[in-house]
Every structure is written in C-alpha cells, then in structure tokens.
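Reproduced below: upload-v5.txt, with compact mmCIF, C-alpha atoms.
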```
# COMPACT_ATOMS: atom_id res chain seq x y z
CA MET A 1 -16.14 23.03 -2.36
CA LYS A 2 -16.50 20.37 -5.04
CA LYS A 3 -13.92 18.14 -3.31
CA GLN A 4 -15.76 18.49 0.01
CA TRP A 5 -19.05 17.48 -1.61
CA VAL A 6 -17.46 14.33 -3.07
CA LEU A 7 -15.94 13.50 0.34
CA TYR A 8 -19.33 13.91 2.08
CA MET A 9 -21.04 11.66 -0.49
CA LEU A 10 -18.39 8.96 -0.07
CA LEU A 11 -18.70 9.14 3.71
CA LEU A 12 -22.49 8.79 3.55
CA GLY A 13 -22.14 5.82 1.20
CA PHE A 14 -19.70 4.07 3.53
CA LEU A 15 -21.92 4.67 6.55
CA SER A 16 -24.76 2.83 4.83
CA LEU A 17 -22.64 -0.35 4.76
CA ASN A 18 -21.93 -2.65 7.73
CA ALA A 19 -18.40 -3.63 8.74
CA GLN A 20 -17.64 -7.35 8.84
CA THR A 21 -20.99 -8.97 9.45
CA LYS A 22 -21.75 -12.67 9.09
CA LYS A 23 -23.53 -12.18 5.75
CA SER A 24 -22.84 -14.92 3.24
CA ASP A 25 -21.82 -12.36 0.58
CA ALA A 26 -20.32 -9.06 1.71
CA PHE A 27 -18.86 -6.13 -0.21
CA TYR A 28 -16.59 -3.67 1.58
CA PHE A 29 -14.01 -1.01 0.91
CA SER A 30 -10.80 -0.81 2.85
CA LEU A 31 -8.39 2.04 3.04
CA GLU A 32 -5.02 0.92 4.31
CA ALA A 33 -2.46 3.48 5.30
CA SER A 34 0.61 1.34 5.69
CA PRO A 35 3.55 2.52 7.72
CA LEU A 36 5.66 -0.51 7.05
CA LEU A 37 8.45 -2.25 8.86
CA GLY A 38 11.16 -2.86 6.37
CA ASN A 39 11.97 -1.12 3.16
CA PHE A 40 9.09 1.25 2.30
CA ILE A 41 6.13 3.34 3.41
CA GLY A 42 2.98 3.12 1.36
CA VAL A 43 -0.75 3.60 0.96
CA ASP A 44 -3.21 0.99 -0.29
CA LEU A 45 -6.82 1.54 -1.41
CA SER A 46 -8.93 -1.48 -2.33
CA ALA A 47 -12.45 -2.73 -3.01
CA ASN A 48 -13.10 -6.17 -1.55
CA TYR A 49 -15.77 -8.83 -1.95
CA GLN A 50 -16.28 -11.78 0.37
CA LEU A 51 -18.12 -14.81 -1.01
CA LYS A 52 -19.93 -17.23 1.33
CA GLN A 53 -17.74 -16.23 4.30
CA SER A 54 -14.84 -18.23 2.91
CA VAL A 55 -13.33 -16.62 -0.21
CA SER A 56 -12.27 -13.00 -0.72
CA PHE A 57 -11.52 -11.04 -3.89
CA SER A 58 -9.65 -7.76 -3.78
CA LEU A 59 -8.97 -5.18 -6.48
CA GLY A 60 -6.87 -2.18 -5.57
CA LEU A 61 -4.18 0.42 -6.12
CA TYR A 62 -1.10 1.20 -4.10
CA SER A 63 1.72 3.66 -3.96
CA SER A 64 4.93 3.28 -2.01
CA SER A 65 8.20 5.05 -1.51
CA SER A 66 11.53 3.99 -0.02
CA ILE A 67 14.75 5.77 0.77
CA TYR A 68 17.92 4.21 -0.61
CA LYS A 69 20.52 5.31 1.89
CA HIS A 70 23.48 4.54 -0.36
CA LEU A 71 22.08 6.54 -3.30
CA ASP A 72 20.62 9.50 -1.39
CA ASP A 73 17.30 9.33 -3.21
CA LYS A 74 13.91 7.66 -3.30
CA TYR A 75 12.49 4.57 -4.90
CA ARG A 76 8.86 5.01 -6.03
CA ASN A 77 6.45 2.25 -6.85
CA TYR A 78 2.88 2.62 -8.14
CA GLY A 79 0.63 -0.22 -9.11
CA TYR A 80 -2.59 -2.15 -9.38
CA TYR A 81 -3.34 -5.59 -8.02
CA PHE A 82 -5.81 -8.44 -7.85
CA LYS A 83 -5.79 -10.75 -4.82
CA LEU A 84 -7.69 -13.92 -3.99
CA GLY A 85 -7.92 -15.07 -0.39
CA LYS A 86 -9.18 -17.77 1.91
CA VAL A 87 -11.19 -16.33 4.84
CA PHE A 88 -11.34 -17.91 8.29
CA LEU A 89 -14.13 -16.37 10.41
CA SER A 90 -14.42 -16.47 14.21
CA LYS A 91 -17.58 -17.94 15.75
CA ASP A 92 -18.98 -14.54 16.72
CA GLY A 93 -18.08 -12.98 13.34
CA ASN A 94 -16.07 -10.10 14.83
CA LEU A 95 -12.66 -11.41 13.80
CA ARG A 96 -11.50 -12.84 10.50
CA PHE A 97 -8.20 -14.01 9.09
CA ASN A 98 -7.78 -13.42 5.36
CA LEU A 99 -4.93 -15.39 3.81
CA ALA A 100 -4.61 -13.51 0.48
CA ALA A 101 -2.22 -13.73 -2.47
CA GLY A 102 -2.30 -12.31 -5.96
CA VAL A 103 -0.59 -10.54 -8.80
CA GLY A 104 0.09 -6.89 -9.41
CA TYR A 105 1.37 -4.59 -12.13
CA ASN A 106 4.08 -2.18 -10.95
CA GLN A 107 5.39 1.03 -12.42
CA MET A 108 8.73 1.52 -10.71
CA HIS A 109 11.09 4.52 -10.68
CA TYR A 110 14.29 3.90 -8.80
CA PRO A 111 17.91 5.12 -8.66
CA ILE A 112 20.53 2.79 -10.13
CA GLU A 113 23.70 4.90 -9.99
CA SER A 114 24.98 7.83 -7.98
CA ARG A 115 28.03 10.00 -8.59
CA LYS A 116 29.23 12.60 -6.07
CA TRP A 117 31.51 15.42 -7.09
CA THR A 118 32.69 18.78 -5.78
CA GLU A 119 33.30 22.11 -7.43
CA THR A 120 35.28 25.06 -6.11
CA ILE A 121 34.30 28.56 -7.24
CA PRO A 122 35.80 31.92 -6.28
CA PHE A 123 33.52 34.13 -4.18
CA LEU A 124 34.72 37.61 -3.17
CA PHE A 125 38.00 37.03 -1.31
CA TRP A 126 37.84 33.24 -0.79
CA ASP A 127 36.89 30.01 -2.56
CA VAL A 128 33.58 28.20 -1.94
CA THR A 129 33.31 24.42 -2.34
CA LEU A 130 30.00 23.07 -3.61
CA HIS A 131 29.01 19.40 -3.27
CA HIS A 132 26.87 17.79 -6.00
CA THR A 133 25.25 14.39 -6.56
CA ASP A 134 24.19 13.12 -9.99
CA ILE A 135 21.66 10.30 -9.88
CA THR A 136 20.67 8.03 -12.77
CA TYR A 137 17.18 6.51 -12.66
CA ALA A 138 15.54 3.48 -14.23
CA ASP A 139 11.84 3.24 -15.06
CA LEU A 140 10.41 -0.26 -15.26
CA ASN A 141 7.01 -1.90 -15.56
CA LYS A 142 6.89 -5.31 -13.89
CA VAL A 143 4.44 -8.03 -12.92
CA THR A 144 4.66 -8.67 -9.17
CA PHE A 145 3.61 -11.56 -6.92
CA ILE A 146 1.86 -10.42 -3.71
CA PHE A 147 1.36 -12.33 -0.45
CA ASN A 148 -0.77 -10.33 2.04
CA PRO A 149 -2.30 -12.13 5.07
CA LYS A 150 -4.57 -9.92 7.20
CA VAL A 151 -6.32 -10.07 10.55
CA GLU A 152 -9.53 -8.01 10.36
CA LEU A 153 -11.43 -6.94 13.47
CA LYS A 154 -14.96 -5.51 13.58
CA VAL A 155 -15.09 -2.48 15.85
CA SER A 156 -18.70 -1.43 15.15
CA ASN A 157 -21.26 -1.60 12.35
CA GLY A 158 -19.71 0.08 9.32
CA PHE A 159 -16.18 0.21 10.76
CA GLY A 160 -13.31 -2.20 11.32
CA VAL A 161 -9.53 -2.33 11.49
CA SER A 162 -6.97 -4.63 9.89
CA PHE A 163 -3.41 -5.66 10.69
CA SER A 164 -1.44 -7.13 7.83
CA ALA A 165 1.88 -8.46 6.65
CA LEU A 166 2.96 -7.79 3.08
CA TYR A 167 5.46 -9.42 0.78
CA MET A 168 5.71 -8.32 -2.87
CA THR A 169 8.39 -9.60 -5.18
CA ASN A 170 9.58 -9.31 -8.75
CA ASP A 171 13.02 -9.63 -10.32
CA VAL A 172 14.06 -6.08 -9.34
CA GLN A 173 12.91 -5.10 -5.84
CA PRO A 174 11.33 -7.22 -3.09
CA VAL A 175 9.10 -5.37 -0.64
CA LEU A 176 8.48 -6.52 2.93
CA GLY A 177 6.36 -4.80 5.54
CA ALA A 178 3.41 -4.69 7.91
CA GLY A 179 0.41 -2.40 7.82
CA PHE A 180 -2.54 -1.08 9.78
CA GLY A 181 -5.77 -0.46 7.87
CA ILE A 182 -9.23 0.99 8.27
CA ILE A 183 -12.15 -0.99 6.86
CA LEU A 184 -15.36 0.77 5.86
CA GLY A 185 -18.22 -1.43 4.73
CA SER A 186 -19.34 -4.95 5.48
```
Would you kindly transcribe this structure into structure tokens?
Amino acid sequence: MKKQWVLYMLLLGFLSLNAQTKKSDAFYFSLEASPLLGNFIGVDLSANYQLKQSVSFSLGLYSSSSIYKHLDDKYRNYGYYFKLGKVFLSKDGNLRFNLAAGVGYNQMHYPIESRKWTETIPFLFWDVTLHHTDITYADLNKVTFIFNPKVELKVSNGFGVSFSALYMTNDVQPVLGAGFGIILGS
C-alpha cells in the first residue's frame, strides 16, 4: 500500500507539469526504457533542465546488462551521469533535438574468464556426465564519456516521447545503442 501511495503522488506531480513547452526555462523528468541495438539492454532515469530553450542539463542514473555469448554470462553496468546539451527547437515547439554529451561514473561487473569441464558420476547401473562452467568476474569502477543525441517530440501537455542514440566509452567496455523514452514534465 505504501508503494502505491508513493506511485500515485509521483503521478500527480508529473501531471502538474507540461511536456516540452516553449518556456524559456523548463524542468522535466524523463524515464527512458532503452531496448538497445547493439551490445546491451538498459534503463535510464533522469532529471533534466532546459535553460533559455538552448541549453540542457541532465542528471541521472542508469543500469544495463549484456550477454557475452562466448562466456555464457552477463555483463552488468550501473552508474550515474551528468550531461550538457545544445537544444535545437522547432518553430512550433513540438519537436526538439538535444545534442548531449557528458561524463558518468560506472560500477561494472563483467566476466573475464570461463572454464568448461565435465564430470562423470556413477548413478544406479550407468554413469551420468555433468557439464560445468566456472566463470571469473572482475569488478571495476570507471569514469565514462557519454554521447547521447535525442529527438524529443511533444505528444500532449505533460507527456512526450524521445528517440535517442547512445555511445558510452571507457577503457574496458564501449556501449552502443538506441533508445525510446517517455518524457513527463515540461
């Protein structure tokens, strides 16, 4: 019940905002569920501020996961980021292009080595072969560069959608993808 109450309060707060208006200063939240082309699937939650219809600031969190086919296990990436962007607004204010880049802090957990082995054990009147995989993981904390251009479209007051490309890189794992987001706020 407590979780439902918090959800209702957040929804009422978002409904009091206006999605992508032509205000000179606008504050909005965006929730981006990102099924990505490329090497991971992730979720992004951010608070955004647009200054004088030309500059955007974004502070957010993300989580992503990828399957390494050759190691039979998952790569996990959690982090925080700050992005600064240049906003190009259409004449009617319903469409904007946000060319954003920034830095992030990643906490990464990924497989670095895999060893497969088999074991044969006697069972009743025959032998059973069991297949095992031992996986060694590395945990790293890295600073990451982020490039994230977005096209944002106003659907109605208080609601919009975004389409984005994403490139994140550090010295361990580059991430490339595209996302679809929901924008609540102005």
Fill in: Interatomic distance (Å, one decimal) between atom CA of A:Asn77 and atom CA of A:Phe97
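It comes out at 27.1 Å.
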Worksheet item: Quick one: distance from atom CA of A:Gly185 to atom CA of A:Leu95 in Å, one decimal?
Response: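 Pair atom CA of A:Gly185 / atom CA of A:Leu95 returns 14.6 Å.
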Worksheet item: If you measure from atom CA of A:Asp134 to atom CA of A:Asn170, what distance in Å do you get, rounded to one decimal?
Response: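 Interatomic distance here is 26.8 Å.
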Practice prompt. Determine the nearest neighbour of A:Leu99 from the options A:His131, A:Gly85, A:Ser156, A:Ser54, counting only C-alpha atoms.
Written response: A:Gly85
Discussion item. Around the point (-9.9, 3.5, -7.4) (coordinates from the file), which residues reach within 8 Å if we count only C-alpha atoms? Answer as an MDAnalysis selection string.
Written reply: chainID A and resid 45:46 60:61
Worksheet, complete the sentence: Closest of A:Tyr105, A:Tyr75, A:Phe82, A:Tyr167 to A:Tyr49, counting all atoms listed in the file, is A:Phe82
Discussion item. Given only C-alpha atoms as the basis, pick out the residue of A:Trp117, A:Tyr110, A:Phe88, A:Phe57 nearest to A:Val151.
Written reply: A:Phe88
Discussion item. Given all atoms listed in the file as the basis, pick out the residue of A:Ser114, A:Gln173, A:Ser66, A:Asn148 nearest to A:Asp44.
Written reply: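 Looking only at the distances to A:Asp44, the closest residue turns out to be A:Asn148.
Using all atoms listed in the file, the nearest neighbour of A:Asp171 within the list A:His132, A:Asn157, A:Lys150, A:Thr144 is A:Thr144.
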